[in-house]
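Asker: I have a structure I would like to understand better, so I am pasting it below and will then ask my questions one at a time.
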Number of protein chains: 2
Amino acid sequence: MFRENLKVLDCTIRDGGLINNYQFSDDFVKAVYHATCEAGVDYMEIGKNLCESEIYNREAFGKWNFCDQDDLKAIVDSYDGDYRPVLAVMYDVGRVDTQSLLAADQSVVGMIRTACYVADIDKGLDLVKRSKDQGYETTINIMAPSAAIESDLIEALQQVENTPEVDYLYFVDSYGAFYSEQITSYLDLFKAHAPSKELGFHGHNNQQLAFANTQQCIIEGVNLLDATVNGLGRGAGNCNLELLLNFLKNPKFNVQPIYQLIQEQMIPLRKDIEWGFNDIYGISGHLNQHPRAAMKLRGNEIDKDNCYDFLINSIGDIA
Amino acid sequence: MFRENLKVLDCTIRDGGLINNYQFSDDFVKAVYHATCEAGVDYMEIGKNLCESEIYNREAFGKWNFCDQDDLKAIVDSYDGDYRPVLAVMYDVGRVDTQSLLAADQSVVGMIRTACYVADIDKGLDLVKRSKDQGYETTINIMAPSAAIESDLIEALQQVENTPEVDYLYFVDSYGAFYSEQITSYLDLFKAHAPSKELGFHGHNNQQLAFANTQQCIIEGVNLLDATVNGLGRGAGNCNLELLLNFLKNPKFNVQPIYQLIQEQMIPLRKDIEWGFNDIYGISGHLNQHPRAAMKLRGNEIDKDNCYDFLINSIGDIA
C-alpha cells in the first residue's frame, strides 16, 4: 500500500509509559527517538504534558508524564542526523496547565494530541483551540467510541467538524473491541459527521487485530496511523510499527532501525514489563470492556492465565 | 457475522503435531476432542493418515501421524455426549497408502483432506478421487499459493474445477504472507477458475493476521474455516479458534469449553513447546518465506530473539 499523504505516528513511549508509569531510562527514550529518526517516521509522541503537583510528581510518575522542555531537548539534541519526526505530546482533559504552554516556535514540540471521552468533548476541543492558538498541529483523540451511545458520538463528531482548530480527528479503539467490518462502519459515521477532517487511527491488539484494523483504516482513507515499536503499549499493546512499515511501501520508511531497536532494547525490556496479546485481553476486547480488570488479573502471578475463570466472571459482571 | 453454511474445522492436533512430532498424550487429544464436541465445532482434524515404515514409525513420529482406527476409536469412545464433529485426517502427497483405506462407512473418519503444492496437483487430485471413491468428504488444500507462479496456480485451479470428487478447495496461507487485500485478490482467482467449488481457508499468524484474514475470507464467501485452540500450530500458529467463535454469531457454537481447555491444557503445554507470533515469524511472513529458517532460529536459545540479524541475513539470502 502506498499513498503519499499517509503518515505514521510512533507512540511507543507515550502508550508504553502507561505500563510502567513512564519510568523509562533516558537511554531507552533516546534509542526509540533515534530509531524513529532513522526509520523516517513522521511523528513521534514522547509522552504526556500533564500538570505536576506535590502528589503527581516526576519521581513517582516519570518525567515523560510531564515532558519538560529541558528533558525533551536532551533527547532531541542527542541525535545529529538530518531527518527527525515532528515531536508530539498528549494532553489529558482536566490534567493540563495550558497557561504554561510555550508557543510552538519556542518549543521542540510540534503537535499536541488531546485525548478525551465523548462526554468530555467540549473540554477536549477547548484544549485543542488553546494548542492551535499557540501554533501547534493538533489532534482530538476520541477514546472508547465502542462504548459510546451513538447519538452522543455523532454530536461530538459534529462539534469536531465545527472546530477548525482540529487538524486530525482520531478514531481510537481503546478497548481493542472492533472487528474490521465495524471499523468501516464507524469510519462511515466519522466521515458523515466530520467530512472536512483528516482522520487518524489508534488501535489496540486485544483480539490480534490492531495491525489488521490499521490496514482497514488505510483502505477507508485514514491518513495518520499510530503504531508502537514491537506493539509496546498498555495491556494488549498497539499496532506493531515494524509490521506496519513492512506493509507500507512508501520509500521514505526504513524498517531496519526498528528491528535493531527491538533486538537491542525491546527484548531485554520484556523481562521487566509485559505487553501484547494474550487470552485475557482477547476476552476483554471481545466483551468491549476497559482493559482495567484484565490488566489487574495479569498482575496476579498465580491466576493470570485463568482465562476460563475470567470469561465466566466477566460474563457474570455483565449479566 | 452469521451465515448458516459457515463451518469451522478445528485442526489443533494436526497442525500442532507439526511442532512436537505428534507426541501428544491421549489425555490431551481427548480433552481437545471433548472441547470441540462441546463447542459445536463442525469438523475436527485429528492428525495425518500417513504410511508407516521401519524408519517412519509410531514411536518416533507419534501415533497421530498415522491415525489407526483403534487409536481414533479410543478418542471417540471416550466422549458420551450427543453432538460430535466430523472427524478429519490429512493426506500428504507421496506418503500415504490408499490400499489400506477403509470405506467411510466402516471408519470413524468422515473427511479426508489432501495437502499438496501446486506442482503436485495431479497426485493430490488422485488421492482426492480415491478418498471420494471410498465415500469420504474431501478437500484439496493447495499449499503456499503465495510462492506459486500465477499461471501454474490457475492451471491447478482449473484441474480442481474439473474434478467433481473435490468437495472443498482450500486456500492455504502456508507462509503467513498475505495481507487481507491480497486475500481478496487471490480468492478472486480461485473463484474465477474454480467457480463451482466451495472454498476453505487455512491461515498462519506470522504477521498477526491469521484471524483477520479468516474474517476477510468470510466476507469473500469462504465457508469452511480452519482454526486451532489458542492458535496452536507450527511456527506462528494459526487462527485462534476462540477468537473465531467469539466473532461468529452462529448459536450452534459455544466458546466456553474452548477457554476451559486453554486454561487447563494449553497454558501448561506452553512450558514445553512454543507457538504463536513473534518478531522472527513476522519477518519470515513478510518476506514470503517457508517458516523453516525462522523455526530453526527459534530453536536456538541464545540467538532466538535476534530479529535484526535474522532480517539482515534473510535479505542477504534473497539478494
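Numbering starts fresh at 1 for the residues of each chain in the C-alpha cells, the chains themselves are lettered A, B, ... in the order given, and ligands are numbered from 1 as they appear.
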May I ask you to extract the residues of chain A within 6 Å of chain B, using only C-alpha atoms, and to give them as a PyMOL selection string?
Answerer: chain A and resi 208+259-260+263+306-308
Asker: Go ahead and dump the residues you just picked, N, CA and C atoms, as a PDB file, in the first residue's frame.
Answerer:
ATOM      1  N   GLN A 208      -5.832  -9.470  18.469  1.00  0.00           N
ATOM      2  CA  GLN A 208      -4.858  -9.657  17.374  1.00  0.00           C
ATOM      3  C   GLN A 208      -5.293  -8.902  16.124  1.00  0.00           C
ATOM      4  N   TYR A 259      13.802  -2.873  13.732  1.00  0.00           N
ATOM      5  CA  TYR A 259      14.163  -4.228  14.169  1.00  0.00           C
ATOM      6  C   TYR A 259      15.436  -4.220  15.018  1.00  0.00           C
ATOM      7  N   GLN A 260      16.352  -3.325  14.690  1.00  0.00           N
ATOM      8  CA  GLN A 260      17.559  -3.217  15.517  1.00  0.00           C
ATOM      9  C   GLN A 260      17.198  -2.783  16.944  1.00  0.00           C
ATOM     10  N   GLN A 263      15.682  -5.723  18.805  1.00  0.00           N
ATOM     11  CA  GLN A 263      16.697  -6.683  19.248  1.00  0.00           C
ATOM     12  C   GLN A 263      17.490  -6.151  20.447  1.00  0.00           C
ATOM     13  N   ASN A 306      -5.735 -17.727  33.917  1.00  0.00           N
ATOM     14  CA  ASN A 306      -7.023 -18.413  34.083  1.00  0.00           C
ATOM     15  C   ASN A 306      -8.116 -17.743  33.246  1.00  0.00           C
ATOM     16  N   CYS A 307      -8.021 -17.978  31.947  1.00  0.00           N
ATOM     17  CA  CYS A 307      -8.903 -17.271  31.021  1.00  0.00           C
ATOM     18  C   CYS A 307     -10.351 -17.735  31.136  1.00  0.00           C
ATOM     19  N   TYR A 308     -10.537 -19.016  31.428  1.00  0.00           N
ATOM     20  CA  TYR A 308     -11.916 -19.502  31.564  1.00  0.00           C
ATOM     21  C   TYR A 308     -12.590 -18.832  32.763  1.00  0.00           C
TER      22      TYR A 308
END
Asker: Step one, run DSSP on the backbone; step two, keep only residues of segment 121-284 of chain B assigned to strand (DSSP E); then write them as a PDB file with N, CA and C atoms, in the first residue's frame.
Answerer:
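This is the output file result-v1.pdb:
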ATOM      1  N   GLU B 137     -16.005 -37.315   2.601  1.00  0.00           N
ATOM      2  CA  GLU B 137     -15.963 -35.901   2.223  1.00  0.00           C
ATOM      3  C   GLU B 137     -14.504 -35.561   1.943  1.00  0.00           C
ATOM      4  N   THR B 138     -14.275 -34.694   0.978  1.00  0.00           N
ATOM      5  CA  THR B 138     -12.889 -34.436   0.571  1.00  0.00           C
ATOM      6  C   THR B 138     -12.578 -32.946   0.468  1.00  0.00           C
ATOM      7  N   THR B 139     -11.306 -32.658   0.685  1.00  0.00           N
ATOM      8  CA  THR B 139     -10.796 -31.312   0.390  1.00  0.00           C
ATOM      9  C   THR B 139      -9.463 -31.458  -0.333  1.00  0.00           C
ATOM     10  N   ILE B 140      -9.141 -30.455  -1.114  1.00  0.00           N
ATOM     11  CA  ILE B 140      -7.770 -30.344  -1.632  1.00  0.00           C
ATOM     12  C   ILE B 140      -7.223 -29.014  -1.101  1.00  0.00           C
ATOM     13  N   ASN B 141      -6.106 -29.110  -0.384  1.00  0.00           N
ATOM     14  CA  ASN B 141      -5.533 -27.936   0.265  1.00  0.00           C
ATOM     15  C   ASN B 141      -4.279 -27.508  -0.491  1.00  0.00           C
ATOM     16  N   ILE B 142      -4.417 -26.479  -1.265  1.00  0.00           N
ATOM     17  CA  ILE B 142      -3.277 -26.018  -2.079  1.00  0.00           C
ATOM     18  C   ILE B 142      -2.365 -25.157  -1.219  1.00  0.00           C
ATOM     19  N   MET B 143      -1.200 -25.694  -0.924  1.00  0.00           N
ATOM     20  CA  MET B 143      -0.288 -25.024  -0.003  1.00  0.00           C
ATOM     21  C   MET B 143       0.550 -23.971  -0.716  1.00  0.00           C
ATOM     22  N   TYR B 168     -14.293 -29.467  -1.152  1.00  0.00           N
ATOM     23  CA  TYR B 168     -13.826 -28.136  -0.752  1.00  0.00           C
ATOM     24  C   TYR B 168     -12.435 -27.875  -1.326  1.00  0.00           C
ATOM     25  N   LEU B 169     -12.281 -26.692  -1.845  1.00  0.00           N
ATOM     26  CA  LEU B 169     -10.982 -26.231  -2.344  1.00  0.00           C
ATOM     27  C   LEU B 169     -10.411 -25.246  -1.328  1.00  0.00           C
ATOM     28  N   TYR B 170      -9.247 -25.595  -0.771  1.00  0.00           N
ATOM     29  CA  TYR B 170      -8.660 -24.764   0.281  1.00  0.00           C
ATOM     30  C   TYR B 170      -7.589 -23.816  -0.240  1.00  0.00           C
ATOM     31  N   PHE B 171      -7.688 -22.608   0.251  1.00  0.00           N
ATOM     32  CA  PHE B 171      -6.669 -21.574   0.084  1.00  0.00           C
ATOM     33  C   PHE B 171      -5.842 -21.599   1.384  1.00  0.00           C
ATOM     34  N   VAL B 172      -4.560 -21.903   1.274  1.00  0.00           N
ATOM     35  CA  VAL B 172      -3.712 -22.108   2.451  1.00  0.00           C
ATOM     36  C   VAL B 172      -2.592 -21.062   2.473  1.00  0.00           C
ATOM     37  N   GLU B 198     -16.926 -25.051  -3.359  1.00  0.00           N
ATOM     38  CA  GLU B 198     -16.963 -24.410  -2.043  1.00  0.00           C
ATOM     39  C   GLU B 198     -15.514 -24.184  -1.606  1.00  0.00           C
ATOM     40  N   LEU B 199     -15.261 -23.058  -0.931  1.00  0.00           N
ATOM     41  CA  LEU B 199     -13.887 -22.716  -0.566  1.00  0.00           C
ATOM     42  C   LEU B 199     -13.627 -22.859   0.927  1.00  0.00           C
ATOM     43  N   GLY B 200     -12.381 -23.185   1.239  1.00  0.00           N
ATOM     44  CA  GLY B 200     -11.920 -23.212   2.623  1.00  0.00           C
ATOM     45  C   GLY B 200     -10.695 -22.325   2.781  1.00  0.00           C
ATOM     46  N   PHE B 201     -10.367 -21.977   4.022  1.00  0.00           N
ATOM     47  CA  PHE B 201      -9.175 -21.161   4.273  1.00  0.00           C
ATOM     48  C   PHE B 201      -8.440 -21.667   5.510  1.00  0.00           C
ATOM     49  N   HIS B 202      -7.124 -21.700   5.376  1.00  0.00           N
ATOM     50  CA  HIS B 202      -6.233 -22.091   6.477  1.00  0.00           C
ATOM     51  C   HIS B 202      -5.143 -21.023   6.585  1.00  0.00           C
ATOM     52  N   LEU B 224     -15.639 -22.701   4.778  1.00  0.00           N
ATOM     53  CA  LEU B 224     -15.020 -23.667   5.703  1.00  0.00           C
ATOM     54  C   LEU B 224     -13.736 -23.047   6.250  1.00  0.00           C
ATOM     55  N   LEU B 225     -13.689 -22.868   7.559  1.00  0.00           N
ATOM     56  CA  LEU B 225     -12.653 -22.050   8.187  1.00  0.00           C
ATOM     57  C   LEU B 225     -11.842 -22.894   9.154  1.00  0.00           C
ATOM     58  N   ASP B 226     -10.541 -22.949   8.946  1.00  0.00           N
ATOM     59  CA  ASP B 226      -9.660 -23.665   9.863  1.00  0.00           C
ATOM     60  C   ASP B 226      -9.283 -22.768  11.038  1.00  0.00           C
ATOM     61  N   ALA B 227      -9.174 -23.376  12.192  1.00  0.00           N
ATOM     62  CA  ALA B 227      -8.689 -22.664  13.367  1.00  0.00           C
ATOM     63  C   ALA B 227      -8.158 -23.699  14.342  1.00  0.00           C
TER      64      ALA B 227
END
Asker: Taking the chain letters and numbering used in this document, name the residues of segment 114-225 of chain B that DSSP puts in alpha helix (DSSP H), as a PyMOL selection string.
Answerer: chain B and resi 121-133+150-161+180-193+210-219
Asker: Can those selected residues be exported to a file as a compact mmCIF listing (two decimals), in the first residue's frame so that it contains N, CA and C atoms?
Answerer:
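Result written to again.txt:
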# COMPACT_ATOMS: atom_id res chain seq x y z
N ILE B 121 -0.31 -31.13 -8.00
CA ILE B 121 -1.78 -31.12 -8.03
C ILE B 121 -2.35 -32.42 -8.62
N ASP B 122 -1.69 -33.02 -9.61
CA ASP B 122 -2.21 -34.27 -10.19
C ASP B 122 -2.22 -35.39 -9.15
N LYS B 123 -1.12 -35.48 -8.43
CA LYS B 123 -1.04 -36.51 -7.38
C LYS B 123 -2.08 -36.23 -6.29
N GLY B 124 -2.23 -34.95 -5.96
CA GLY B 124 -3.21 -34.59 -4.93
C GLY B 124 -4.62 -34.95 -5.36
N LEU B 125 -4.95 -34.63 -6.58
CA LEU B 125 -6.31 -34.92 -7.05
C LEU B 125 -6.55 -36.43 -7.16
N ASP B 126 -5.50 -37.17 -7.47
CA ASP B 126 -5.63 -38.63 -7.48
C ASP B 126 -6.03 -39.13 -6.09
N LEU B 127 -5.39 -38.60 -5.06
CA LEU B 127 -5.74 -39.01 -3.69
C LEU B 127 -7.17 -38.61 -3.34
N VAL B 128 -7.55 -37.42 -3.78
CA VAL B 128 -8.93 -36.97 -3.53
C VAL B 128 -9.92 -37.95 -4.16
N LYS B 129 -9.64 -38.35 -5.38
CA LYS B 129 -10.56 -39.28 -6.08
C LYS B 129 -10.65 -40.61 -5.33
N ARG B 130 -9.52 -41.13 -4.92
CA ARG B 130 -9.52 -42.40 -4.18
C ARG B 130 -10.30 -42.26 -2.87
N SER B 131 -10.15 -41.11 -2.21
CA SER B 131 -10.88 -40.89 -0.96
C SER B 131 -12.39 -40.81 -1.23
N LYS B 132 -12.74 -40.09 -2.26
CA LYS B 132 -14.16 -39.96 -2.60
C LYS B 132 -14.74 -41.32 -3.00
N ASP B 133 -13.94 -42.11 -3.73
CA ASP B 133 -14.41 -43.46 -4.10
C ASP B 133 -14.77 -44.29 -2.87
N GLU B 150 1.74 -17.63 -11.02
CA GLU B 150 0.28 -17.49 -11.16
C GLU B 150 -0.30 -18.40 -12.23
N SER B 151 0.39 -18.54 -13.35
CA SER B 151 -0.17 -19.38 -14.42
C SER B 151 -0.25 -20.84 -13.98
N ASP B 152 0.71 -21.29 -13.18
CA ASP B 152 0.66 -22.65 -12.64
C ASP B 152 -0.51 -22.82 -11.67
N LEU B 153 -0.66 -21.80 -10.83
CA LEU B 153 -1.76 -21.84 -9.87
C LEU B 153 -3.11 -21.90 -10.60
N ILE B 154 -3.25 -21.09 -11.63
CA ILE B 154 -4.50 -21.06 -12.39
C ILE B 154 -4.77 -22.43 -13.02
N GLU B 155 -3.73 -23.04 -13.57
CA GLU B 155 -3.91 -24.36 -14.17
C GLU B 155 -4.36 -25.37 -13.11
N ALA B 156 -3.76 -25.30 -11.94
CA ALA B 156 -4.15 -26.21 -10.85
C ALA B 156 -5.61 -25.99 -10.45
N LEU B 157 -5.99 -24.71 -10.38
CA LEU B 157 -7.38 -24.40 -10.01
C LEU B 157 -8.36 -24.95 -11.04
N GLN B 158 -7.98 -24.84 -12.30
CA GLN B 158 -8.84 -25.37 -13.36
C GLN B 158 -8.97 -26.89 -13.25
N GLN B 159 -7.88 -27.55 -12.88
CA GLN B 159 -7.94 -29.00 -12.68
C GLN B 159 -8.87 -29.36 -11.52
N VAL B 160 -8.79 -28.56 -10.47
CA VAL B 160 -9.68 -28.80 -9.33
C VAL B 160 -11.14 -28.63 -9.77
N GLU B 161 -11.37 -27.58 -10.54
CA GLU B 161 -12.73 -27.32 -11.03
C GLU B 161 -13.27 -28.53 -11.81
N SER B 180 -4.79 -8.71 3.95
CA SER B 180 -6.19 -9.00 3.65
C SER B 180 -6.56 -8.59 2.22
N GLU B 181 -5.98 -7.52 1.72
CA GLU B 181 -6.31 -7.12 0.35
C GLU B 181 -5.79 -8.16 -0.65
N GLN B 182 -4.72 -8.85 -0.29
CA GLN B 182 -4.21 -9.92 -1.16
C GLN B 182 -5.08 -11.17 -1.05
N ILE B 183 -5.62 -11.40 0.13
CA ILE B 183 -6.58 -12.50 0.31
C ILE B 183 -7.71 -12.33 -0.71
N THR B 184 -8.24 -11.14 -0.78
CA THR B 184 -9.33 -10.86 -1.72
C THR B 184 -8.88 -11.12 -3.15
N SER B 185 -7.71 -10.66 -3.48
CA SER B 185 -7.26 -10.78 -4.86
C SER B 185 -7.00 -12.25 -5.23
N TYR B 186 -6.44 -13.03 -4.31
CA TYR B 186 -6.24 -14.46 -4.60
C TYR B 186 -7.57 -15.21 -4.64
N LEU B 187 -8.48 -14.85 -3.75
CA LEU B 187 -9.78 -15.53 -3.78
C LEU B 187 -10.51 -15.23 -5.09
N ASP B 188 -10.31 -14.04 -5.61
CA ASP B 188 -10.90 -13.74 -6.93
C ASP B 188 -10.40 -14.73 -7.98
N LEU B 189 -9.12 -15.06 -7.89
CA LEU B 189 -8.52 -16.04 -8.80
C LEU B 189 -9.15 -17.43 -8.58
N PHE B 190 -9.27 -17.81 -7.33
CA PHE B 190 -9.88 -19.11 -7.01
C PHE B 190 -11.31 -19.16 -7.56
N LYS B 191 -12.05 -18.09 -7.35
CA LYS B 191 -13.46 -18.08 -7.76
C LYS B 191 -13.60 -18.04 -9.27
N ALA B 192 -12.65 -17.37 -9.92
CA ALA B 192 -12.72 -17.28 -11.39
C ALA B 192 -12.42 -18.63 -12.05
N HIS B 193 -11.50 -19.38 -11.48
CA HIS B 193 -11.04 -20.59 -12.17
C HIS B 193 -11.60 -21.87 -11.57
N ALA B 210 -3.74 -14.00 10.98
CA ALA B 210 -4.50 -15.24 10.69
C ALA B 210 -5.99 -15.04 10.96
N PHE B 211 -6.31 -14.42 12.08
CA PHE B 211 -7.71 -14.19 12.42
C PHE B 211 -8.33 -13.15 11.49
N ALA B 212 -7.62 -12.07 11.26
CA ALA B 212 -8.13 -11.01 10.37
C ALA B 212 -8.34 -11.55 8.96
N ASN B 213 -7.40 -12.34 8.47
CA ASN B 213 -7.54 -12.88 7.11
C ASN B 213 -8.70 -13.88 7.03
N THR B 214 -8.93 -14.60 8.12
CA THR B 214 -10.07 -15.51 8.16
C THR B 214 -11.38 -14.71 8.07
N GLN B 215 -11.42 -13.59 8.76
CA GLN B 215 -12.59 -12.71 8.64
C GLN B 215 -12.76 -12.22 7.20
N GLN B 216 -11.64 -11.86 6.60
CA GLN B 216 -11.72 -11.37 5.21
C GLN B 216 -12.25 -12.47 4.30
N CYS B 217 -11.81 -13.71 4.54
CA CYS B 217 -12.31 -14.84 3.75
C CYS B 217 -13.81 -15.01 3.92
N ILE B 218 -14.29 -14.85 5.14
CA ILE B 218 -15.73 -14.96 5.38
C ILE B 218 -16.47 -13.93 4.53
N ILE B 219 -15.96 -12.70 4.57
CA ILE B 219 -16.57 -11.62 3.78
C ILE B 219 -16.59 -12.00 2.30
Asker: Within 8 Å of Cys37 of chain A, counting only C-alpha atoms, which residues qualify if same-chain residues fewer than 2 places away don't, as a list in words?
Answerer: Tyr33, His34, Ala35, Ala39, Gly40, Val41, Gly81, Tyr83, Arg84 and Pro85 of chain A
Asker: Please provide as a ChimeraX atom specification all residues within 9 Å of Leu232 of chain B, with the sequence filter that same-chain residues fewer than 5 positions apart are discarded (counting only C-alpha atoms).
Answerer: /B:11-13,15-16,227,237-240,266,274-276
Asker: Contacts of Ser78 of chain A at 12 Å or less, counting only C-alpha atoms, minus same-chain residues fewer than 2 places along, as a list in words?
Answerer: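 These residues fall inside the cut-off: Asp26, Asp27, Val29, Lys30, Ala31, Val32, Tyr33, His34, Cys37, Asp71, Leu72, Lys73, Ala74, Ile75, Val76, Asp80, Gly81 and Arg84 of chain A.
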